[in-house]
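Printed here is model_12.cif (mmCIF, C-alpha atoms):
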```cif
data_data
#
loop_
_atom_site.label_atom_id
_atom_site.label_comp_id
_atom_site.auth_asym_id
_atom_site.auth_seq_id
_atom_site.Cartn_x
_atom_site.Cartn_y
_atom_site.Cartn_z
CA MET D 313 127.20 60.05 55.10
CA VAL D 314 128.83 62.86 57.05
CA LEU D 315 126.68 65.59 58.49
CA PRO D 316 127.97 69.16 58.29
CA SER D 317 130.16 70.23 61.15
CA THR D 318 127.47 72.51 62.50
CA ALA D 319 125.61 69.38 63.66
CA GLN D 320 128.47 68.45 65.93
CA TYR D 321 128.76 72.02 67.07
CA TRP D 322 125.15 72.34 68.24
CA ARG D 323 125.07 69.25 70.39
CA ALA D 324 124.53 70.45 73.92
CA ASP D 325 123.74 67.69 76.36
CA VAL D 326 120.24 67.40 77.71
CA GLY D 327 121.07 68.96 81.08
CA LEU D 328 122.54 72.14 79.64
CA TYR D 329 119.83 72.42 76.99
CA HIS D 330 117.15 72.15 79.65
CA ARG D 331 118.85 74.73 81.82
CA VAL D 332 118.93 77.26 78.98
CA GLN D 333 115.37 76.49 77.96
CA GLN D 334 113.90 77.02 81.42
CA PHE D 335 116.09 80.09 81.96
CA TYR D 336 114.71 81.71 78.81
CA ALA D 337 111.10 80.94 79.72
CA TRP D 338 111.56 82.49 83.14
CA GLN D 339 113.47 85.47 81.74
CA MET D 340 110.80 86.28 79.14
CA GLN D 341 108.04 85.99 81.74
CA LEU D 342 109.86 88.49 83.97
CA LEU D 343 110.10 91.02 81.14
CA ASP D 344 106.52 90.57 79.97
CA ASP D 345 105.29 90.86 83.57
CA GLY D 346 107.08 94.21 83.80
CA ARG D 347 109.45 92.95 86.52
CA VAL D 348 112.27 94.97 85.05
CA ASP D 349 114.79 94.81 87.90
CA GLU D 350 114.53 91.04 88.18
CA TRP D 351 114.77 90.76 84.40
CA ALA D 352 117.83 93.02 84.24
CA ALA D 353 119.42 90.90 86.99
CA THR D 354 119.56 88.03 84.46
CA PHE D 355 122.29 89.97 82.63
CA THR D 356 125.85 90.22 83.90
CA GLU D 357 126.83 93.54 85.52
CA ASP D 358 128.68 94.47 82.32
CA GLY D 359 126.25 92.69 79.99
CA VAL D 360 125.67 93.95 76.46
CA PHE D 361 122.33 94.13 74.62
CA ALA D 362 122.68 94.86 70.92
CA ALA D 363 119.84 95.02 68.41
CA ASN D 364 119.74 95.96 64.77
CA ALA D 365 116.71 98.11 65.68
CA HIS D 366 118.97 100.36 67.79
CA PRO D 367 121.95 102.42 66.58
CA GLU D 368 124.21 101.48 69.53
CA PRO D 369 124.50 98.46 71.80
CA VAL D 370 123.41 99.06 75.40
CA SER D 371 126.11 98.19 77.94
CA GLY D 372 125.75 97.43 81.63
CA ARG D 373 122.88 96.08 83.66
CA GLU D 374 121.73 99.52 84.80
CA ASN D 375 121.42 100.79 81.24
CA ILE D 376 119.73 97.60 80.09
CA ALA D 377 117.23 98.00 82.94
CA ALA D 378 116.58 101.63 82.02
CA GLY D 379 115.82 100.68 78.41
CA ALA D 380 113.43 97.95 79.49
CA ARG D 381 111.75 100.26 82.00
CA ALA D 382 111.05 102.77 79.24
CA ALA D 383 109.72 100.03 76.95
CA VAL D 384 107.42 98.64 79.67
CA ALA D 385 106.10 102.14 80.43
CA LYS D 386 105.40 102.78 76.76
CA LEU D 387 103.51 99.48 76.42
CA ALA D 388 101.37 100.40 79.43
CA ALA D 389 100.71 103.87 78.00
CA ASP D 390 99.74 102.30 74.66
CA GLY D 391 97.49 99.72 76.37
CA LEU D 392 99.43 96.78 74.93
CA VAL D 393 100.23 93.38 76.41
CA ARG D 394 103.45 91.99 74.96
CA ARG D 395 104.65 88.37 74.96
CA HIS D 396 108.14 87.30 73.94
CA TRP D 397 108.22 83.77 72.56
CA LEU D 398 111.61 82.19 72.16
CA GLY D 399 112.05 78.96 70.25
CA MET D 400 114.05 76.82 67.82
CA LEU D 401 116.84 76.91 70.36
CA THR D 402 120.31 75.52 69.66
CA VAL D 403 122.87 75.49 72.45
CA ALA D 404 126.63 74.94 72.37
CA GLU D 405 129.17 74.97 75.16
CA GLN D 406 132.27 76.96 74.19
CA PRO D 407 135.87 75.97 74.96
CA ASP D 408 136.11 78.92 77.39
CA GLY D 409 133.15 77.59 79.41
CA THR D 410 130.63 80.14 78.15
CA ILE D 411 127.47 78.97 76.45
CA LYS D 412 126.39 80.07 73.01
CA ALA D 413 122.65 79.97 72.33
CA ARG D 414 120.86 80.78 69.11
CA SER D 415 117.10 81.05 68.91
CA TYR D 416 114.17 82.68 67.19
CA ALA D 417 112.14 85.23 69.10
CA LEU D 418 108.63 86.21 68.17
CA VAL D 419 106.97 89.23 69.75
CA ILE D 420 103.17 89.09 70.08
CA ASN D 421 101.26 92.26 70.88
CA THR D 422 97.68 92.39 72.13
CA PRO D 423 95.87 95.71 72.56
CA LYS D 424 93.46 95.68 75.49
CA GLY D 425 90.08 94.89 73.94
CA GLY D 426 91.75 94.27 70.57
CA GLN D 427 93.26 91.66 68.29
CA ALA D 428 96.50 89.81 69.12
CA ALA D 429 99.04 89.75 66.29
CA VAL D 430 102.66 89.09 65.52
CA HIS D 431 104.56 92.32 66.13
CA VAL D 432 108.05 91.35 64.94
CA SER D 433 110.00 88.20 64.13
CA THR D 434 113.65 88.13 65.20
CA SER D 435 116.62 85.88 65.77
CA CYS D 436 118.63 86.06 68.96
CA GLU D 437 122.28 85.13 69.62
CA ASP D 438 123.34 85.00 73.24
CA VAL D 439 126.51 84.34 75.15
CA LEU D 440 125.50 82.97 78.54
CA VAL D 441 127.63 82.39 81.62
CA ALA D 442 126.91 80.16 84.56
CA ASP D 443 126.29 81.83 87.93
CA GLY D 444 126.09 78.95 90.37
CA PRO D 445 123.06 76.94 89.29
CA ASP D 446 121.71 79.92 87.34
CA LEU D 447 122.61 81.55 84.04
CA LEU D 448 123.30 85.15 83.12
CA VAL D 449 123.33 86.81 79.71
CA ALA D 450 126.74 88.33 79.01
CA ASP D 451 125.96 89.32 75.43
CA ARG D 452 122.72 89.41 73.46
CA ARG D 453 122.34 90.25 69.77
CA VAL D 454 118.76 90.55 68.49
CA THR D 455 118.21 90.81 64.75
CA ARG D 456 114.80 91.86 63.53
CA ASP D 457 113.80 90.16 60.28
CA ASP D 458 112.27 93.29 58.81
CA LEU D 459 115.36 95.50 59.03
CA MET H 614 91.44 56.30 86.14
CA VAL H 615 93.11 54.96 83.01
CA LEU H 616 94.52 57.39 80.47
CA PRO H 617 93.98 56.62 76.78
CA SER H 618 96.59 54.41 75.18
CA THR H 619 97.99 57.35 73.21
CA ALA H 620 99.49 58.63 76.45
CA GLN H 621 101.61 55.51 76.77
CA TYR H 622 102.49 55.70 73.12
CA TRP H 623 103.88 59.24 73.23
CA ARG H 624 106.21 58.71 76.13
CA ALA H 625 109.71 59.18 74.77
CA ASP H 626 112.38 59.39 77.43
CA VAL H 627 114.00 62.70 78.12
CA GLY H 628 117.20 61.90 76.21
CA LEU H 629 115.44 61.02 72.96
CA TYR H 630 113.00 63.90 73.27
CA HIS H 631 115.86 66.34 73.74
CA ARG H 632 117.73 64.90 70.78
CA VAL H 633 114.74 65.39 68.49
CA GLN H 634 114.05 68.86 69.85
CA GLN H 635 117.56 70.16 69.27
CA PHE H 636 117.74 68.43 65.89
CA TYR H 637 114.60 70.24 64.73
CA ALA H 638 115.83 73.62 65.93
CA TRP H 639 119.10 73.18 64.09
CA GLN H 640 117.36 71.84 60.97
CA MET H 641 114.93 74.75 60.77
CA GLN H 642 117.74 77.27 61.26
CA LEU H 643 119.65 75.71 58.35
CA LEU H 644 116.66 76.03 56.03
CA ASP H 645 115.80 79.57 57.08
CA ASP H 646 119.45 80.60 56.70
CA GLY H 647 119.33 79.32 53.13
CA ARG H 648 121.94 76.62 53.83
CA VAL H 649 120.15 74.25 51.53
CA ASP H 650 122.80 71.54 51.12
CA GLU H 651 123.33 71.21 54.85
CA TRP H 652 119.57 71.17 55.37
CA ALA H 653 119.05 68.50 52.71
CA ALA H 654 121.80 66.45 54.37
CA THR H 655 119.45 66.04 57.36
CA PHE H 656 117.29 63.77 55.20
CA THR H 657 118.27 60.20 54.34
CA GLU H 658 119.60 59.63 50.79
CA ASP H 659 116.22 58.16 49.85
CA GLY H 660 114.19 60.44 52.13
CA VAL H 661 110.64 61.42 51.24
CA PHE H 662 109.06 64.86 51.69
CA ALA H 663 105.30 64.86 51.19
CA ALA H 664 103.01 67.84 51.63
CA ASN H 665 99.32 68.32 50.97
CA ALA H 666 100.33 71.57 49.25
CA HIS H 667 102.12 69.55 46.54
CA PRO H 668 100.55 67.01 44.17
CA GLU H 669 103.38 64.45 44.52
CA PRO H 670 105.81 63.54 47.32
CA VAL H 671 109.44 64.48 46.61
CA SER H 672 111.82 61.52 46.88
CA GLY H 673 115.57 61.52 47.40
CA ARG H 674 117.88 64.01 49.00
CA GLU H 675 118.87 65.61 45.70
CA ASN H 676 115.29 66.33 44.74
CA ILE H 677 114.48 67.59 48.23
CA ALA H 678 117.48 69.94 47.99
CA ALA H 679 116.37 71.18 44.57
CA GLY H 680 112.91 72.01 45.89
CA ALA H 681 114.35 73.90 48.84
CA ARG H 682 116.81 75.74 46.62
CA ALA H 683 113.95 76.98 44.45
CA ALA H 684 111.97 78.04 47.52
CA VAL H 685 114.92 79.91 49.02
CA ALA H 686 115.55 81.70 45.70
CA LYS H 687 111.90 82.72 45.46
CA LEU H 688 111.93 84.11 49.01
CA ALA H 689 115.04 86.16 48.19
CA ALA H 690 113.44 87.44 44.97
CA ASP H 691 110.29 88.36 46.92
CA GLY H 692 112.32 90.10 49.66
CA LEU H 693 110.92 87.83 52.38
CA VAL H 694 112.55 86.44 55.51
CA ARG H 695 110.94 83.14 56.51
CA ARG H 696 111.09 81.39 59.90
CA HIS H 697 109.88 77.87 60.52
CA TRP H 698 108.72 77.34 64.09
CA LEU H 699 108.19 73.79 65.18
CA GLY H 700 106.46 73.00 68.46
CA MET H 701 104.03 70.87 70.45
CA LEU H 702 106.33 67.96 69.78
CA THR H 703 105.46 64.38 70.69
CA VAL H 704 108.03 61.66 70.14
CA ALA H 705 107.71 57.87 70.15
CA GLU H 706 110.30 55.19 69.56
CA GLN H 707 108.98 52.49 67.20
CA PRO H 708 109.53 48.75 67.60
CA ASP H 709 111.75 48.81 64.47
CA GLY H 710 114.07 51.39 66.05
CA THR H 711 112.84 54.34 64.00
CA ILE H 712 111.44 57.40 65.75
CA LYS H 713 108.04 58.86 65.08
CA ALA H 714 107.67 62.58 65.77
CA ARG H 715 104.53 64.66 65.49
CA SER H 716 104.61 68.42 65.77
CA TYR H 717 103.01 71.66 64.72
CA ALA H 718 104.90 73.92 62.34
CA LEU H 719 104.17 77.59 61.96
CA VAL H 720 105.68 79.58 59.11
CA ILE H 721 106.30 83.28 59.78
CA ASN H 722 107.04 85.60 56.85
CA THR H 723 108.54 89.07 57.17
CA PRO H 724 108.89 91.32 54.13
CA LYS H 725 112.01 93.51 54.29
CA GLY H 726 110.75 96.83 55.67
CA GLY H 727 107.32 95.32 56.28
CA GLN H 728 105.10 93.58 58.81
CA ALA H 729 105.80 90.05 60.09
CA ALA H 730 102.81 87.72 60.01
CA VAL H 731 101.80 84.09 60.19
CA HIS H 732 102.05 82.66 56.68
CA VAL H 733 100.68 79.15 57.21
CA SER H 734 99.93 76.80 60.10
CA THR H 735 100.71 73.13 59.56
CA SER H 736 101.21 69.82 61.31
CA CYS H 737 104.22 67.67 60.61
CA GLU H 738 104.65 63.89 60.94
CA ASP H 739 108.19 62.58 60.64
CA VAL H 740 109.89 59.22 60.69
CA LEU H 741 113.43 59.80 61.94
CA VAL H 742 116.36 57.42 61.98
CA ALA H 743 119.51 57.59 64.04
CA ASP H 744 122.79 58.26 62.25
CA GLY H 745 125.41 57.86 64.93
CA PRO H 746 124.71 60.62 67.44
CA ASP H 747 122.66 62.52 64.84
CA LEU H 748 119.22 62.09 63.35
CA LEU H 749 118.01 62.01 59.77
CA VAL H 750 114.51 62.44 58.38
CA ALA H 751 113.46 59.35 56.44
CA ASP H 752 109.90 60.50 55.84
CA ARG H 753 108.17 63.84 56.37
CA ARG H 754 104.47 64.58 55.86
CA VAL H 755 103.45 68.23 56.19
CA THR H 756 99.75 69.06 56.28
CA ARG H 757 98.71 72.66 55.85
CA ASP H 758 95.68 73.60 57.91
CA ASP H 759 94.13 75.68 55.15
CA LEU H 760 93.98 72.95 52.50
CA MET S 1480 125.27 88.82 92.62
CA VAL S 1481 122.12 87.20 93.96
CA LEU S 1482 119.32 86.37 91.57
CA PRO S 1483 115.75 87.04 92.70
CA SER S 1484 114.10 84.23 94.60
CA THR S 1485 111.84 83.43 91.67
CA ALA S 1486 114.87 81.93 89.91
CA GLN S 1487 115.25 79.37 92.65
CA TYR S 1488 111.53 78.75 92.63
CA TRP S 1489 111.30 77.88 88.93
CA ARG S 1490 114.06 75.32 88.88
CA ALA S 1491 112.40 72.03 88.01
CA ASP S 1492 114.84 69.26 87.21
CA VAL S 1493 115.18 68.11 83.64
CA GLY S 1494 113.11 64.97 84.12
CA LEU S 1495 110.06 66.77 85.48
CA TYR S 1496 110.36 69.60 82.96
CA HIS S 1497 110.45 67.12 80.11
CA ARG S 1498 107.45 65.25 81.47
CA VAL S 1499 105.38 68.43 81.61
CA GLN S 1500 106.56 69.54 78.18
CA GLN S 1501 105.64 66.32 76.42
CA PHE S 1502 102.37 66.10 78.36
CA TYR S 1503 101.34 69.54 77.12
CA ALA S 1504 102.23 68.76 73.51
CA TRP S 1505 100.18 65.59 73.61
CA GLN S 1506 97.29 67.30 75.43
CA MET S 1507 97.08 70.16 72.90
CA GLN S 1508 97.19 67.73 69.98
CA LEU S 1509 94.25 65.79 71.47
CA LEU S 1510 92.15 68.95 71.77
CA ASP S 1511 93.03 70.26 68.31
CA ASP S 1512 92.32 66.84 66.80
CA GLY S 1513 88.85 66.99 68.35
CA ARG S 1514 89.52 63.98 70.57
CA VAL S 1515 87.51 65.55 73.36
CA ASP S 1516 87.07 62.54 75.67
CA GLU S 1517 90.77 61.72 75.64
CA TRP S 1518 91.56 65.39 76.18
CA ALA S 1519 89.14 65.68 79.09
CA ALA S 1520 90.70 62.55 80.59
CA THR S 1521 93.88 64.60 81.11
CA PHE S 1522 92.04 66.53 83.84
CA THR S 1523 91.35 65.08 87.28
CA GLU S 1524 87.76 63.93 87.91
CA ASP S 1525 87.18 67.10 89.94
CA GLY S 1526 89.45 69.30 87.80
CA VAL S 1527 88.75 73.01 87.42
CA PHE S 1528 89.12 75.06 84.22
CA ALA S 1529 88.91 78.79 84.80
CA ALA S 1530 89.33 81.47 82.15
CA ASN S 1531 88.94 85.21 82.26
CA ALA S 1532 86.92 84.82 79.04
CA HIS S 1533 84.21 82.95 80.99
CA PRO S 1534 82.16 84.26 83.89
CA GLU S 1535 82.45 81.06 85.97
CA PRO S 1536 85.10 78.34 86.30
CA VAL S 1537 84.06 74.96 84.90
CA SER S 1538 84.34 72.14 87.47
CA GLY S 1539 84.58 68.42 86.88
CA ARG S 1540 85.82 66.40 83.95
CA GLU S 1541 82.36 65.88 82.50
CA ASN S 1542 81.63 69.59 82.38
CA ILE S 1543 85.08 70.34 80.99
CA ALA S 1544 84.47 67.76 78.25
CA ALA S 1545 81.08 69.27 77.46
CA GLY S 1546 82.60 72.73 77.02
CA ALA S 1547 85.31 71.39 74.74
CA ARG S 1548 82.78 69.38 72.74
CA ALA S 1549 80.77 72.53 72.08
CA ALA S 1550 83.91 74.45 71.10
CA VAL S 1551 85.04 71.70 68.72
CA ALA S 1552 81.60 71.57 67.11
CA LYS S 1553 81.55 75.34 66.64
CA LEU S 1554 85.00 75.29 65.00
CA ALA S 1555 83.81 72.59 62.60
CA ALA S 1556 80.65 74.57 61.81
CA ASP S 1557 82.76 77.68 61.20
CA GLY S 1558 85.23 75.75 58.99
CA LEU S 1559 88.18 76.61 61.23
CA VAL S 1560 91.26 74.59 62.14
CA ARG S 1561 92.61 75.62 65.55
CA ARG S 1562 96.07 74.99 66.98
CA HIS S 1563 97.01 75.61 70.59
CA TRP S 1564 100.69 76.44 71.01
CA LEU S 1565 102.06 76.36 74.52
CA GLY S 1566 105.48 77.74 75.29
CA MET S 1567 107.79 79.67 77.60
CA LEU S 1568 107.13 77.02 80.19
CA THR S 1569 108.32 77.28 83.78
CA VAL S 1570 107.75 74.36 86.13
CA ALA S 1571 108.03 74.11 89.91
CA GLU S 1572 107.42 71.20 92.24
CA GLN S 1573 105.34 72.27 95.26
CA PRO S 1574 105.94 71.13 98.85
CA ASP S 1575 102.65 69.15 98.71
CA GLY S 1576 103.91 67.14 95.71
CA THR S 1577 101.77 68.92 93.14
CA ILE S 1578 103.40 70.65 90.18
CA LYS S 1579 102.90 74.28 89.29
CA ALA S 1580 103.38 75.15 85.63
CA ARG S 1581 103.19 78.56 84.04
CA SER S 1582 103.24 79.06 80.29
CA TYR S 1583 102.10 81.18 77.39
CA ALA S 1584 99.46 79.81 75.07
CA LEU S 1585 98.89 81.11 71.58
CA VAL S 1586 95.81 80.11 69.62
CA ILE S 1587 96.19 79.99 65.82
CA ASN S 1588 93.09 79.82 63.65
CA THR S 1589 93.05 78.83 59.99
CA PRO S 1590 89.85 79.03 57.94
CA LYS S 1591 89.63 76.27 55.32
CA GLY S 1592 90.90 77.92 52.13
CA GLY S 1593 91.87 81.03 54.07
CA GLN S 1594 94.65 82.79 55.91
CA ALA S 1595 96.12 81.49 59.20
CA ALA S 1596 96.40 84.10 61.95
CA VAL S 1597 96.89 84.54 65.66
CA HIS S 1598 93.47 84.30 67.29
CA VAL S 1599 94.33 85.09 70.91
CA SER S 1600 97.40 85.29 73.12
CA THR S 1601 97.05 84.00 76.67
CA SER S 1602 98.96 82.91 79.73
CA CYS S 1603 98.17 79.64 81.48
CA GLU S 1604 98.72 78.63 85.12
CA ASP S 1605 98.23 74.98 85.92
CA VAL S 1606 98.37 72.79 88.98
CA LEU S 1607 99.30 69.30 87.81
CA VAL S 1608 99.26 66.05 89.74
CA ALA S 1609 101.08 62.84 88.94
CA ASP S 1610 99.01 59.83 87.95
CA GLY S 1611 101.51 57.00 87.76
CA PRO S 1612 103.87 57.96 84.95
CA ASP S 1613 101.32 60.42 83.57
CA LEU S 1614 100.12 63.86 84.60
CA LEU S 1615 96.66 65.27 85.13
CA VAL S 1616 95.51 68.88 85.30
CA ALA S 1617 93.86 69.58 88.66
CA ASP S 1618 93.46 73.29 88.08
CA ARG S 1619 93.91 75.47 85.00
CA ARG S 1620 93.64 79.26 84.84
CA VAL S 1621 93.79 80.78 81.37
CA THR S 1622 94.11 84.56 81.09
CA ARG S 1623 93.52 86.15 77.70
CA ASP S 1624 95.76 89.16 77.07
CA ASP S 1625 92.99 91.17 75.44
CA LEU S 1626 90.54 91.08 78.35
#
```

Will you turn the file into structure tokens for me?
Amino acid sequence: MVLPSTAQYWRADVGLYHRVQQFYAWQMQLLDDGRVDEWAATFTEDGVFAANAHPEPVSGRENIAAGARAAVAKLAADGLVRRHWLGMLTVAEQPDGTIKARSYALVINTPKGGQAAVHVSTSCEDVLVADGPDLLVADRRVTRDDL
Amino acid sequence: MVLPSTAQYWRADVGLYHRVQQFYAWQMQLLDDGRVDEWAATFTEDGVFAANAHPEPVSGRENIAAGARAAVAKLAADGLVRRHWLGMLTVAEQPDGTIKARSYALVINTPKGGQAAVHVSTSCEDVLVADGPDLLVADRRVTRDDL
Amino acid sequence: MVLPSTAQYWRADVGLYHRVQQFYAWQMQLLDDGRVDEWAATFTEDGVFAANAHPEPVSGRENIAAGARAAVAKLAADGLVRRHWLGMLTVAEQPDGTIKARSYALVINTPKGGQAAVHVSTSCEDVLVADGPDLLVADRRVTRDDL
């Protein structure tokens, strides 16, 4: 019995998988804590953030930071706490040394004094690059399930 | 202070745990992408899929594929995107070489143009077998929390 | 490009990260299965459980068990199945040998015969200590997003 080739493709070793997993956890915490500059620093200088919810991809760390800063300010104005959950992660090292990571991302919103609920369900495709012992996002594509 | 014996039981080493974790992520992505044949190929030829939502367990890869194909077609007809999240995973190697895995599975539905929400919450008990470097599901029992 | 110091801080090695991850999965399963004594045994004898939903921290394994026993009984009386999902985990070994772990925790409630839904979204900060090959919670701080 031969498994489809995608099985072989998504077979990152345990060390790399762990590295990506802990990187994502830390990255999402930074964003949800409103630490926008530290969060934006997890993208490459010329990183790209594309989302089917936005007409154009955002390019460059400064622009990515500006977008996040606006989003964090709006959440605060709306009295919402947001949590980004990332899961069902598959990781593959590419021949050029970059790392491809595919995951699901669930956004949970809680109004202060109100009821937590799923806000949106998405999938996320990243190209990551190593930066010493750390990782940086070179390219992120977020696809909302509702659009 | 002695921990209960279940602690010793659920003490898979990091390599096996990782293998199961990445296998599940890949397997759920296949199903949610509607790649039914590849998904069904992650079960053994004589695999069993039992669920308290169904009167009878489904036996054999072909029958498991047929059930998934019908479910995927119904989701498309209903205009729903479905995501299976699997988490809180405990893994134990059995004396006979098979692998027991217990997890929670959350199903998130998003109608096109609509609001994402939790569909059902379940727990999942699998018996996995190694197939070279890959894993196959020999037996899956899914228990919906609402039933 | 220098990443913020928090990146260096949250850089547990794969072995420790795995240990915490599997510990949490097992611990949540114990609680949700109503196995209160085994669950309470995953805290140190003088463990502390603090939550912004409660006026006072609960101290000592016996008191922590009593609180959980009451919660489990209330869920049963209300006909609810509860699942604790823990994710977005960052782990750091402290100079004193203890382990700091930060995570998100999502509580999913399902009424028997009813609709599963997110109950509350929280963040969780733990101090863990090694107990032979196992881990124990010395201090847990749970912060509900709605409060």

Can you give me, as a ChimeraX atom specification, the residues this file yields under the PyMOL selection byres ((chain D) within 7 of (chain S))? /D:327,330,334,337-338,350,353,393,397,422-426,428-429

For Arg1514 of chain S, work out the shell of residues within 12 Å, counting all atoms listed in the file and skipping chain neighbours fewer than 2 positions away, then give it as JSON, numbers by chain. {"H": [617, 619], "S": [1505, 1506, 1507, 1508, 1509, 1510, 1511, 1512, 1516, 1517, 1518, 1519, 1520, 1521, 1544, 1547, 1548, 1550, 1551, 1552]}

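The closest residue to Ala382 of chain D, picked from D:Val348, D:Thr410, D:Asn364, D:Pro369 and counting all atoms listed in the file, is D:Val348.
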
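Taken over the shown file, the PyMOL selection byres ((chain D and resi 450) around 8) identifies Phe355, Thr356, Asp358, Gly359, Val360, Asp438, Val439, Leu440, Val441, Leu448, Val449, Asp451 and Arg452 of chain D.
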
Segment 676-694 of chain H: axis-aligned bounding box, 4 Å on each side, centre and edge lengths in Å, one decimal, as lines of an AutoDock Vina configuration file:
```
center_x = 113.9
center_y = 78.2
center_z = 50.0
size_x = 15.2
size_y = 31.8
size_z = 19.1
```

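One distance worth recording is that between atom CA of Glu1572 of chain S and atom CA of Val332 of chain D, which is 18.6 Å.
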
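The coordinates place atom CA of Glu658 of chain H at 14.7 Å from atom CA of Asp747 of chain H.
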
In Å, how far is it from atom CA of Tyr637 of chain H to atom CA of Cys737 of chain H? 11.5 Å
